[in-house]
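Structure data (PDB, C-alpha atoms) from upload-v7.pdb:
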ATOM      1  CA  MET A   1     116.951 148.419 157.485
ATOM      2  CA  SER A   2     113.614 149.186 155.976
ATOM      3  CA  THR A   3     111.351 146.714 154.291
ATOM      4  CA  THR A   4     108.387 147.043 152.022
ATOM      5  CA  LEU A   5     105.106 145.401 153.087
ATOM      6  CA  THR A   6     102.722 144.087 150.494
ATOM      7  CA  SER A   7      99.219 143.064 151.371
ATOM      8  CA  GLY A   8      98.688 139.330 151.291
ATOM      9  CA  SER A   9     102.256 138.487 150.230
ATOM     10  CA  GLY A  10     104.356 138.994 153.350
ATOM     11  CA  VAL A  11     107.592 140.980 153.419
ATOM     12  CA  GLN A  12     109.196 142.014 150.142
ATOM     13  CA  ALA A  13     112.793 143.182 149.749
ATOM     14  CA  PRO A  14     113.279 146.858 148.997
ATOM     15  CA  GLY A  15     113.549 147.615 145.316
ATOM     16  CA  ALA A  16     111.939 144.321 144.290
ATOM     17  CA  ALA A  17     108.771 146.038 143.227
ATOM     18  CA  ASP A  18     110.759 148.392 141.021
ATOM     19  CA  GLN A  19     112.704 145.516 139.417
ATOM     20  CA  ALA A  20     109.620 143.427 138.609
ATOM     21  CA  ALA A  21     108.975 143.328 134.847
ATOM     22  CA  PRO A  22     105.746 144.943 133.742
ATOM     23  CA  ARG A  23     103.063 142.537 132.653
ATOM     24  CA  VAL A  24     102.240 142.538 128.964
ATOM     25  CA  ARG A  25      98.640 142.257 127.965
ATOM     26  CA  ARG A  26      98.113 139.039 126.046
ATOM     27  CA  SER A  27      95.427 140.477 123.801
ATOM     28  CA  SER A  28      96.493 143.935 122.775
ATOM     29  CA  PRO A  29      94.716 145.857 119.993
ATOM     30  CA  LEU A  30      97.836 145.719 117.813
ATOM     31  CA  ARG A  31      98.075 141.952 118.162
ATOM     32  CA  ARG A  32      94.397 141.544 117.330
ATOM     33  CA  ARG A  33      94.770 143.710 114.232
ATOM     34  CA  ARG A  34      97.777 141.678 113.097
ATOM     35  CA  SER A  35      95.883 138.414 113.621
ATOM     36  CA  ILE A  36      92.898 139.686 111.677
ATOM     37  CA  ALA A  37      95.146 140.858 108.843
ATOM     38  CA  ALA A  38      97.005 137.520 108.747
ATOM     39  CA  TRP A  39      93.791 135.482 108.676
ATOM     40  CA  GLY A  40      92.370 137.824 106.056
ATOM     41  CA  MET A  41      95.337 137.173 103.768
ATOM     42  CA  ALA A  42      95.199 133.410 104.411
ATOM     43  CA  ALA A  43      91.415 133.184 104.077
ATOM     44  CA  PRO A  44      91.298 132.618 100.270
ATOM     45  CA  PHE A  45      93.666 129.658 100.510
ATOM     46  CA  VAL A  46      91.919 128.240 103.588
ATOM     47  CA  VAL A  47      88.507 128.444 101.898
ATOM     48  CA  LEU A  48      89.779 126.854  98.672
ATOM     49  CA  PHE A  49      91.577 124.123 100.619
ATOM     50  CA  LEU A  50      88.512 123.285 102.716
ATOM     51  CA  VAL A  51      86.126 123.285  99.738
ATOM     52  CA  PHE A  52      88.221 121.584  97.060
ATOM     53  CA  THR A  53      90.594 119.382  99.106
ATOM     54  CA  ALA A  54      89.504 118.680 102.669
ATOM     55  CA  TRP A  55      85.795 118.228 101.935
ATOM     56  CA  PRO A  56      86.319 115.839  98.958
ATOM     57  CA  VAL A  57      88.758 113.768 101.031
ATOM     58  CA  VAL A  58      86.319 113.497 103.929
ATOM     59  CA  SER A  59      83.449 112.753 101.547
ATOM     60  CA  SER A  60      85.409 109.984  99.810
ATOM     61  CA  LEU A  61      86.174 108.454 103.197
ATOM     62  CA  PHE A  62      82.454 108.281 103.984
ATOM     63  CA  MET A  63      81.772 106.945 100.478
ATOM     64  CA  SER A  64      84.225 104.089 100.961
ATOM     65  CA  VAL A  65      82.158 102.635 103.814
ATOM     66  CA  THR A  66      78.748 103.017 102.145
ATOM     67  CA  ASP A  67      76.996 101.529  99.122
ATOM     68  CA  ILE A  68      76.490 104.909  97.438
ATOM     69  CA  LYS A  69      76.017 104.894  93.679
ATOM     70  CA  SER A  70      75.245 107.537  91.093
ATOM     71  CA  LYS A  71      71.494 107.047  91.541
ATOM     72  CA  ASP A  72      71.841 107.979  95.237
ATOM     73  CA  LEU A  73      73.158 111.501  94.592
ATOM     74  CA  GLN A  74      69.665 112.962  94.812
ATOM     75  CA  ASN A  75      69.192 111.431  98.268
ATOM     76  CA  PRO A  76      72.681 110.803  99.706
ATOM     77  CA  PHE A  77      71.447 110.311 103.281
ATOM     78  CA  ALA A  78      69.493 107.199 102.280
ATOM     79  CA  VAL A  79      72.606 105.128 101.541
ATOM     80  CA  ASN A  80      73.500 102.155 103.709
ATOM     81  CA  PHE A  81      76.600 101.753 105.855
ATOM     82  CA  VAL A  82      78.520  98.639 104.724
ATOM     83  CA  GLY A  83      81.740  98.945 106.732
ATOM     84  CA  LEU A  84      84.711  97.233 105.097
ATOM     85  CA  GLU A  85      82.624  95.380 102.525
ATOM     86  CA  ASN A  86      83.798  97.642  99.700
ATOM     87  CA  PHE A  87      87.446  96.983 100.582
ATOM     88  CA  THR A  88      86.934  93.206 100.597
ATOM     89  CA  THR A  89      85.142  93.500  97.259
ATOM     90  CA  VAL A  90      88.040  95.487  95.830
ATOM     91  CA  LEU A  91      90.714  93.077  97.048
ATOM     92  CA  ALA A  92      88.765  90.084  95.695
ATOM     93  CA  ASP A  93      88.168  91.668  92.285
ATOM     94  CA  PRO A  94      90.398  90.034  89.594
ATOM     95  CA  THR A  95      90.363  93.236  87.534
ATOM     96  CA  PHE A  96      91.701  95.236  90.478
ATOM     97  CA  ARG A  97      94.373  92.597  91.080
ATOM     98  CA  LYS A  98      95.416  92.863  87.445
ATOM     99  CA  ALA A  99      95.556  96.652  87.698
ATOM    100  CA  ALA A 100      97.544  96.428  90.954
ATOM    101  CA  THR A 101     100.023  94.020  89.331
ATOM    102  CA  ASN A 102     100.444  96.349  86.355
ATOM    103  CA  THR A 103     100.976  99.323  88.686
ATOM    104  CA  LEU A 104     103.541  97.411  90.731
ATOM    105  CA  TYR A 105     105.389  96.440  87.543
ATOM    106  CA  PHE A 106     105.322 100.057  86.390
ATOM    107  CA  VAL A 107     106.733 101.310  89.715
ATOM    108  CA  VAL A 108     109.355  98.599  90.311
ATOM    109  CA  VAL A 109     110.831  99.030  86.837
ATOM    110  CA  GLY A 110     110.171 102.706  86.183
ATOM    111  CA  VAL A 111     111.291 104.372  89.427
ATOM    112  CA  PRO A 112     114.813 102.838  89.663
ATOM    113  CA  LEU A 113     115.334 103.268  85.918
ATOM    114  CA  THR A 114     114.329 106.927  86.047
ATOM    115  CA  MET A 115     116.569 107.637  89.038
ATOM    116  CA  VAL A 116     119.602 105.855  87.586
ATOM    117  CA  VAL A 117     119.347 107.520  84.172
ATOM    118  CA  ALA A 118     118.650 110.945  85.705
ATOM    119  CA  LEU A 119     121.604 110.630  88.087
ATOM    120  CA  ALA A 120     123.922 109.625  85.238
ATOM    121  CA  ILE A 121     122.802 112.622  83.168
ATOM    122  CA  ALA A 122     123.130 114.968  86.146
ATOM    123  CA  VAL A 123     126.669 113.758  86.871
ATOM    124  CA  ALA A 124     127.603 114.253  83.213
ATOM    125  CA  LEU A 125     126.140 117.768  83.172
ATOM    126  CA  ASN A 126     127.807 118.645  86.470
ATOM    127  CA  THR A 127     131.306 117.421  85.665
ATOM    128  CA  GLY A 128     131.826 116.174  82.127
ATOM    129  CA  ILE A 129     129.794 118.471  79.898
ATOM    130  CA  THR A 130     130.939 122.066  80.218
ATOM    131  CA  LYS A 131     129.931 123.478  76.827
ATOM    132  CA  LEU A 132     126.242 123.978  76.064
ATOM    133  CA  SER A 133     125.289 122.661  79.511
ATOM    134  CA  GLY A 134     122.381 125.113  79.679
ATOM    135  CA  PHE A 135     121.066 123.850  76.347
ATOM    136  CA  PHE A 136     121.114 120.243  77.579
ATOM    137  CA  ARG A 137     119.409 121.167  80.851
ATOM    138  CA  ILE A 138     116.577 122.901  78.994
ATOM    139  CA  GLY A 139     116.343 120.011  76.554
ATOM    140  CA  TYR A 140     115.968 117.401  79.288
ATOM    141  CA  TYR A 141     113.358 119.500  81.103
ATOM    142  CA  MET A 142     111.207 120.223  78.036
ATOM    143  CA  PRO A 143     109.205 116.930  78.241
ATOM    144  CA  VAL A 144     108.095 117.846  81.774
ATOM    145  CA  VAL A 145     106.267 120.973  80.583
ATOM    146  CA  THR A 146     105.044 119.448  77.328
ATOM    147  CA  SER A 147     101.390 118.468  77.016
ATOM    148  CA  ILE A 148     100.662 114.750  77.312
ATOM    149  CA  VAL A 149      98.674 114.986  74.076
ATOM    150  CA  ALA A 150     101.722 116.213  72.186
ATOM    151  CA  VAL A 151     103.865 113.549  73.841
ATOM    152  CA  ALA A 152     101.332 110.856  72.883
ATOM    153  CA  VAL A 153     101.331 111.954  69.244
ATOM    154  CA  VAL A 154     105.127 111.785  69.076
ATOM    155  CA  TRP A 155     105.383 108.416  70.811
ATOM    156  CA  ARG A 156     102.591 106.877  68.760
ATOM    157  CA  PHE A 157     104.520 107.849  65.657
ATOM    158  CA  LEU A 158     107.691 106.350  67.106
ATOM    159  CA  LEU A 159     105.953 103.100  68.132
ATOM    160  CA  ARG A 160     103.842 102.459  65.045
ATOM    161  CA  PRO A 161     104.249  98.843  63.882
ATOM    162  CA  GLU A 162     104.562  99.964  60.268
ATOM    163  CA  ASN A 163     106.799 102.870  59.285
ATOM    164  CA  GLY A 164     107.418 103.792  62.921
ATOM    165  CA  LEU A 165     110.836 105.281  63.585
ATOM    166  CA  ILE A 166     111.851 102.607  66.113
ATOM    167  CA  ASN A 167     110.864  99.699  63.861
ATOM    168  CA  GLU A 168     112.537 101.416  60.905
ATOM    169  CA  VAL A 169     115.800 101.614  62.840
ATOM    170  CA  LEU A 170     115.466  97.971  63.891
ATOM    171  CA  SER A 171     114.864  96.961  60.270
ATOM    172  CA  TRP A 172     118.248  98.420  59.336
ATOM    173  CA  VAL A 173     119.906  95.638  61.340
ATOM    174  CA  GLY A 174     117.509  92.921  60.178
ATOM    175  CA  ILE A 175     115.117  92.955  63.173
ATOM    176  CA  THR A 176     111.361  93.012  62.679
ATOM    177  CA  GLY A 177     109.894  95.244  65.343
ATOM    178  CA  PRO A 178     106.696  94.234  67.178
ATOM    179  CA  ASP A 179     103.414  96.060  67.497
ATOM    180  CA  TRP A 180     104.573  97.956  70.571
ATOM    181  CA  LEU A 181     101.242  99.277  71.810
ATOM    182  CA  GLY A 182      99.164  96.355  70.531
ATOM    183  CA  SER A 183     101.165  93.615  72.237
ATOM    184  CA  THR A 184     100.476  92.408  75.766
ATOM    185  CA  THR A 185     104.230  91.860  76.152
ATOM    186  CA  TRP A 186     105.522  95.181  74.890
ATOM    187  CA  ALA A 187     102.725  97.644  75.712
ATOM    188  CA  MET A 188     103.752  98.185  79.348
ATOM    189  CA  PRO A 189     107.513  98.520  78.608
ATOM    190  CA  SER A 190     106.585 101.094  75.960
ATOM    191  CA  LEU A 191     104.620 103.138  78.498
ATOM    192  CA  ILE A 192     107.485 102.820  81.004
ATOM    193  CA  ALA A 193     109.927 104.152  78.411
ATOM    194  CA  MET A 194     107.660 107.131  77.731
ATOM    195  CA  ALA A 195     107.149 107.808  81.452
ATOM    196  CA  VAL A 196     110.890 107.658  82.135
ATOM    197  CA  TRP A 197     111.531 110.079  79.281
ATOM    198  CA  ARG A 198     108.889 112.493  80.613
ATOM    199  CA  SER A 199     110.111 112.322  84.230
ATOM    200  CA  LEU A 200     113.850 112.691  83.592
ATOM    201  CA  GLY A 201     113.863 116.468  83.523
ATOM    202  CA  THR A 202     112.563 116.952  87.048
ATOM    203  CA  LEU A 203     115.042 114.515  88.584
ATOM    204  CA  VAL A 204     117.951 115.903  86.554
ATOM    205  CA  VAL A 205     117.297 119.367  87.999
ATOM    206  CA  ILE A 206     116.966 117.950  91.534
ATOM    207  CA  PHE A 207     120.131 115.855  91.258
ATOM    208  CA  LEU A 208     122.091 118.783  89.800
ATOM    209  CA  ALA A 209     121.162 120.852  92.840
ATOM    210  CA  GLY A 210     122.296 118.027  95.122
ATOM    211  CA  LEU A 211     125.570 117.447  93.247
ATOM    212  CA  GLN A 212     126.542 121.083  93.557
ATOM    213  CA  SER A 213     126.507 120.696  97.340
ATOM    214  CA  VAL A 214     129.169 117.949  97.277
ATOM    215  CA  PRO A 215     132.526 119.468  98.379
ATOM    216  CA  LYS A 216     135.055 119.354  95.530
ATOM    217  CA  ALA A 217     137.855 118.947  98.062
ATOM    218  CA  LEU A 218     136.618 115.438  98.877
ATOM    219  CA  HIS A 219     136.838 114.381  95.234
ATOM    220  CA  GLU A 220     140.271 115.962  94.850
ATOM    221  CA  ALA A 221     141.585 114.210  97.953
ATOM    222  CA  ALA A 222     140.144 110.877  96.834
ATOM    223  CA  ALA A 223     141.647 111.303  93.360
ATOM    224  CA  LEU A 224     145.071 111.967  94.913
ATOM    225  CA  ASP A 225     144.683 108.741  96.899
ATOM    226  CA  GLY A 226     144.099 106.824  93.667
ATOM    227  CA  ALA A 227     140.292 106.438  93.797
ATOM    228  CA  THR A 228     138.633 105.882  90.446
ATOM    229  CA  ALA A 229     135.649 107.851  89.188
ATOM    230  CA  TRP A 230     133.298 104.976  90.058
ATOM    231  CA  GLN A 231     134.737 104.725  93.585
ATOM    232  CA  ARG A 232     134.328 108.472  94.111
ATOM    233  CA  LEU A 233     130.745 108.272  92.876
ATOM    234  CA  ARG A 234     129.948 105.336  95.146
ATOM    235  CA  ARG A 235     131.820 106.423  98.272
ATOM    236  CA  ILE A 236     131.489 110.219  98.133
ATOM    237  CA  THR A 237     128.793 111.461  95.781
ATOM    238  CA  ILE A 238     125.958 109.040  96.497
ATOM    239  CA  PRO A 239     126.282 109.119 100.331
ATOM    240  CA  THR A 240     126.431 112.915 100.269
ATOM    241  CA  ILE A 241     123.308 113.350  98.134
ATOM    242  CA  ARG A 242     121.323 110.669  99.974
ATOM    243  CA  PRO A 243     118.687 113.207 101.179
ATOM    244  CA  THR A 244     118.330 114.414  97.595
ATOM    245  CA  MET A 245     117.863 110.843  96.390
ATOM    246  CA  LEU A 246     115.249 110.286  99.077
ATOM    247  CA  PHE A 247     113.255 113.300  97.919
ATOM    248  CA  ALA A 248     113.584 112.311  94.267
ATOM    249  CA  GLY A 249     112.568 108.721  95.012
ATOM    250  CA  VAL A 250     109.512 109.741  97.024
ATOM    251  CA  ILE A 251     108.072 112.150  94.459
ATOM    252  CA  THR A 252     108.837 109.788  91.570
ATOM    253  CA  GLY A 253     107.346 106.795  93.367
ATOM    254  CA  ILE A 254     104.156 108.686  94.219
ATOM    255  CA  GLY A 255     103.819 109.871  90.630
ATOM    256  CA  PHE A 256     104.399 106.417  89.164
ATOM    257  CA  LEU A 257     101.946 104.776  91.569
ATOM    258  CA  GLN A 258      99.262 107.167  90.338
ATOM    259  CA  PHE A 259     100.097 106.847  86.652
ATOM    260  CA  PHE A 260      96.989 107.517  84.620
ATOM    261  CA  GLU A 261      97.724 109.716  81.619
ATOM    262  CA  GLU A 262      99.936 107.194  79.816
ATOM    263  CA  PRO A 263      97.374 104.367  79.507
ATOM    264  CA  PHE A 264      94.457 106.798  79.173
ATOM    265  CA  VAL A 265      95.952 108.539  76.139
ATOM    266  CA  MET A 266      98.022 105.757  74.565
ATOM    267  CA  THR A 267      96.297 102.403  75.095
ATOM    268  CA  GLN A 268      93.028 102.940  77.028
ATOM    269  CA  GLY A 269      94.208 100.190  79.381
ATOM    270  CA  GLY A 270      94.644  97.577  76.665
ATOM    271  CA  PRO A 271      95.417  95.281  75.117
ATOM    272  CA  LEU A 272      93.540  92.841  77.401
ATOM    273  CA  ASN A 273      94.027  95.131  80.444
ATOM    274  CA  SER A 274      97.800  94.727  80.191
ATOM    275  CA  THR A 275      98.297  98.474  80.798
ATOM    276  CA  LEU A 276      95.335  99.041  83.115
ATOM    277  CA  SER A 277      96.494 100.961  86.200
ATOM    278  CA  VAL A 278      94.792 101.365  89.572
ATOM    279  CA  ALA A 279      94.216 105.077  88.964
ATOM    280  CA  TYR A 280      92.682 104.333  85.559
ATOM    281  CA  LEU A 281      90.458 101.657  87.114
ATOM    282  CA  VAL A 282      89.322 104.132  89.793
ATOM    283  CA  TYR A 283      88.460 106.586  87.021
ATOM    284  CA  ASN A 284      86.430 103.954  85.163
ATOM    285  CA  THR A 285      84.667 102.800  88.338
ATOM    286  CA  PHE A 286      83.619 106.352  89.167
ATOM    287  CA  GLY A 287      82.422 106.700  85.583
ATOM    288  CA  PHE A 288      80.286 103.584  85.977
ATOM    289  CA  GLY A 289      78.623 105.213  89.012
ATOM    290  CA  ASN A 290      79.898 102.800  91.676
ATOM    291  CA  TYR A 291      81.183 105.517  93.986
ATOM    292  CA  GLY A 292      81.620 103.418  97.136
ATOM    293  CA  VAL A 293      83.865 100.822  95.508
ATOM    294  CA  ALA A 294      85.809 103.510  93.624
ATOM    295  CA  ALA A 295      86.460 105.389  96.873
ATOM    296  CA  ALA A 296      87.669 102.167  98.492
ATOM    297  CA  MET A 297      90.076 101.652  95.574
ATOM    298  CA  SER A 298      91.395 105.164  96.100
ATOM    299  CA  TYR A 299      92.207 104.466  99.733
ATOM    300  CA  VAL A 300      93.914 101.190  98.853
ATOM    301  CA  LEU A 301      96.068 103.198  96.441
ATOM    302  CA  PHE A 302      96.732 105.734  99.204
ATOM    303  CA  ALA A 303      97.871 102.901 101.498
ATOM    304  CA  ALA A 304     100.243 101.726  98.754
ATOM    305  CA  VAL A 305     101.701 105.251  98.524
ATOM    306  CA  VAL A 306     102.306 105.262 102.291
ATOM    307  CA  VAL A 307     103.973 101.830 102.216
ATOM    308  CA  LEU A 308     106.215 102.792  99.288
ATOM    309  CA  THR A 309     107.240 106.031 101.035
ATOM    310  CA  ILE A 310     108.145 104.144 104.217
ATOM    311  CA  ILE A 311     110.257 101.690 102.201
ATOM    312  CA  GLN A 312     112.092 104.547 100.510
ATOM    313  CA  PHE A 313     112.789 106.182 103.878
ATOM    314  CA  LYS A 314     114.281 102.855 104.999
ATOM    315  CA  VAL A 315     116.437 102.582 101.868
ATOM    316  CA  PHE A 316     117.577 106.195 101.474
ATOM    317  CA  GLY A 317     117.411 107.290 105.121
ATOM    318  CA  GLU A 318     120.439 108.886 106.760
ATOM    319  CA  ARG A 319     123.149 106.581 108.104
ATOM    320  CA  ASP A 320     125.935 107.010 110.606
ATOM    321  CA  ASP A 321     129.222 107.522 108.812
ATOM    322  CA  ALA A 322     131.208 105.251 111.124
ATOM    323  CA  THR A 323     128.941 102.209 111.375
ATOM    324  CA  GLY A 324     126.795 102.559 108.273
ATOM    325  CA  GLN A 325     123.684 101.945 110.385
ATOM    326  CA  LYS A 326     120.579 104.006 109.962
ATOM    327  CA  LYS A 327     120.059 106.884 112.370
ATOM    328  CA  ARG A 328     117.095 106.571 114.694
ATOM    329  CA  TRP A 329     114.373 109.205 114.515
ATOM    330  CA  PHE A 330     114.727 109.771 118.263
ATOM    331  CA  ARG A 331     117.208 109.087 121.031
ATOM    332  CA  ARG A 332     116.515 107.957 124.529
ATOM    333  CA  GLN A 333     117.524 109.980 127.547
ATOM    334  CA  GLY A 334     121.200 109.793 128.357
ATOM    335  CA  GLY A 335     122.246 109.699 124.691
ATOM    336  CA  ALA A 336     121.632 105.974 124.141
ATOM    337  CA  VAL A 337     120.300 105.157 120.727
TER     338      VAL A 337
END

Represent the structure of the file as structure tokens.
Amino acid sequence: MSTTLTSGSGVQAPGAADQAAPRVRRSSPLRRRRSIAAWGMAAPFVVLFLVFTAWPVVSSLFMSVTDIKSKDLQNPFAVNFVGLENFTTVLADPTFRKAATNTLYFVVVGVPLTMVVALAIAVALNTGITKLSGFFRIGYYMPVVTSIVAVAVVWRFLLRPENGLINEVLSWVGITGPDWLGSTTWAMPSLIAMAVWRSLGTLVVIFLAGLQSVPKALHEAAALDGATAWQRLRRITIPTIRPTMLFAGVITGIGFLQFFEEPFVMTQGGPLNSTLSVAYLVYNTFGFGNYGVAAAMSYVLFAAVVVLTIIQFKVFGERDDATGQKKRWFRRQGGAV
């Protein structure tokens, strides 16, 4: 029996050298050319992202811990490091607290209302309305692509205290309508109504996509067992589209937390700061030249977005079908949760 000797590696079985797989060069010319081509195609996006997104974010982070103001732009390296002083100033500011309260009110009322109304419309379009369904879908989505200026003109006409359409309708039943945008009580509900109307179209489209993934056989079986339409919606539809509801809740919550256009165009934050939002206050603070405090406000708003997203993951996260408990993001070794 013959063997093959290899220098420095002892005795090797015959044929082993022939069966060994050939080594592939890690850096071949073809691979290098492909990498260069890929980075060349991605370069425009990377450059734009670094210049217009990453650099402003990093700069605002440095601003939030300094006392930089508009007068310091000519000599930005002469500013002083103040640590968390800007954040304590922001949290102690009564105007910021008022804006934060208004934003919380806007989110707590607006997000659930938008999701409930959009889900009801999506269910109606998916099951009940068969004729002209395309017309209704386009109609509900039109406000999303409409300019905020055009929306403001329409809603100002609707909400005028005198000769406004809403007050005219109320006068038919003997009710004197208020000054919707000039009242500290009704200004914020008016903006919420406009924001819900503008945001419905996006959620209707998202919910329609989720509803079409619900198996019809489940509804048919439940109907044969005597389940009502409400029971089928609660026990079948909503649990099945839970991931869709999570996505819709997250994007709606983030948008409502950053609401700016509504008060900017309609009320300018008034009356008496009753519609002043955090995003609008950040805009005004930057305009006043107090860049450090404005940057700190922005990061407080970012923290609020993170907290709201975590809460929505807790509420709409996936659950085990048998126990109804939320699924963990990871499992320990051995399969134990």

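One distance worth recording is that between atom CA of A:Phe260 and atom CA of A:Leu48, which is 25.0 Å.
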
key: Residues within 12 Å of (99.6, 89.4, 72.1), file coords, all atoms listed in the file, listed as a ChimeraX atom specification   = /A:178-187,270-274

Dump C-alpha atoms for the selected residues as a short mmCIF file (atom, residue, chain, number, x, y, z; two decimals), keeping the file's coordinate frame?
data_model
loop_
_atom_site.label_atom_id
_atom_site.label_comp_id
_atom_site.auth_asym_id
_atom_site.auth_seq_id
_atom_site.Cartn_x
_atom_site.Cartn_y
_atom_site.Cartn_z
CA PRO A 178 106.70 94.23 67.18
CA ASP A 179 103.41 96.06 67.50
CA TRP A 180 104.57 97.96 70.57
CA LEU A 181 101.24 99.28 71.81
CA GLY A 182 99.16 96.36 70.53
CA SER A 183 101.16 93.62 72.24
CA THR A 184 100.48 92.41 75.77
CA THR A 185 104.23 91.86 76.15
CA TRP A 186 105.52 95.18 74.89
CA ALA A 187 102.72 97.64 75.71
CA GLY A 270 94.64 97.58 76.67
CA PRO A 271 95.42 95.28 75.12
CA LEU A 272 93.54 92.84 77.40
CA ASN A 273 94.03 95.13 80.44
CA SER A 274 97.80 94.73 80.19
#

ask   = Mind telling me what the PyMOL selection byres ((chain A and resi 122-127) around 9) catches here, as a ChimeraX atom specification?
value = /A:117-121,128-130,133-134,136-137,203-208,211-212

request  = Mind checking which residues fall within 12 Å of stretch 75-83 of chain A, counting all atoms listed in the file, ignoring those fewer than 2 positions away in the same chain, and posting them as a VMD selection string?
outcome  = chain A and resid 59 61 to 73 85 to 89 291 to 293 296

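Closest to A:Glu262 among A:Thr176, A:Gln312, A:Ser147, A:Gln231 is A:Ser147, based on all atoms listed in the file.
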
request  = Please evaluate the PyMOL selection byres ((chain A and resi 152) around 12) against the structure above and give the resulting residues as a VMD selection string.
outcome  = chain A and resid 143 146 to 151 153 to 160 181 190 to 191 194 to 195 198 261 to 267

task = Calculate how many Å separate atom CA of A:Ser35 from atom CA of A:Phe49, rounding to one decimal.
result = 19.8 Å

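The coordinates place atom CA of A:Val108 at 24.8 Å from atom CA of A:Ala295.
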
inquiry  = With the PyMOL selection byres ((chain A and resi 216) around 12) as the selection, what would be picked from this file? Answer as a PyMOL selection string, please.
reply    = chain A and resi 126-127+211-215+217-223+232+236-237+240

Generate the coordinates of N, CA and C atoms for stretch 274-290 of chain A; report them as a compact mmCIF listing (two decimals), in the coordinates of the input.
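This is the output file part-v8.txt:
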# COMPACT_ATOMS: atom_id res chain seq x y z
N SER A 274 96.38 94.87 79.86
CA SER A 274 97.80 94.73 80.19
C SER A 274 98.43 96.04 80.63
N THR A 275 97.79 97.18 80.35
CA THR A 275 98.30 98.47 80.80
C THR A 275 97.30 99.18 81.70
N LEU A 276 96.32 98.45 82.22
CA LEU A 276 95.34 99.04 83.12
C LEU A 276 95.99 99.33 84.46
N SER A 277 95.92 100.57 84.91
CA SER A 277 96.49 100.96 86.20
C SER A 277 95.39 101.12 87.23
N VAL A 278 95.77 101.19 88.50
CA VAL A 278 94.79 101.36 89.57
C VAL A 278 94.09 102.70 89.43
N ALA A 279 94.83 103.76 89.12
CA ALA A 279 94.22 105.08 88.96
C ALA A 279 93.24 105.09 87.79
N TYR A 280 93.58 104.41 86.71
CA TYR A 280 92.68 104.33 85.56
C TYR A 280 91.44 103.52 85.90
N LEU A 281 91.60 102.46 86.69
CA LEU A 281 90.46 101.66 87.11
C LEU A 281 89.55 102.46 88.05
N VAL A 282 90.13 103.26 88.93
CA VAL A 282 89.32 104.13 89.79
C VAL A 282 88.52 105.11 88.94
N TYR A 283 89.15 105.67 87.93
CA TYR A 283 88.46 106.59 87.02
C TYR A 283 87.29 105.90 86.33
N ASN A 284 87.51 104.69 85.83
CA ASN A 284 86.43 103.95 85.16
C ASN A 284 85.32 103.59 86.14
N THR A 285 85.68 103.19 87.36
CA THR A 285 84.67 102.80 88.34
C THR A 285 83.81 103.99 88.75
N PHE A 286 84.41 105.15 88.92
CA PHE A 286 83.62 106.35 89.17
C PHE A 286 82.71 106.66 87.98
N GLY A 287 83.23 106.46 86.77
CA GLY A 287 82.42 106.70 85.58
C GLY A 287 81.24 105.77 85.48
N PHE A 288 81.39 104.54 85.98
CA PHE A 288 80.29 103.58 85.98
C PHE A 288 79.28 103.87 87.08
N GLY A 289 79.56 104.82 87.98
CA GLY A 289 78.62 105.21 89.01
C GLY A 289 78.73 104.45 90.30
N ASN A 290 79.73 103.58 90.45
CA ASN A 290 79.90 102.80 91.68
C ASN A 290 80.85 103.55 92.59
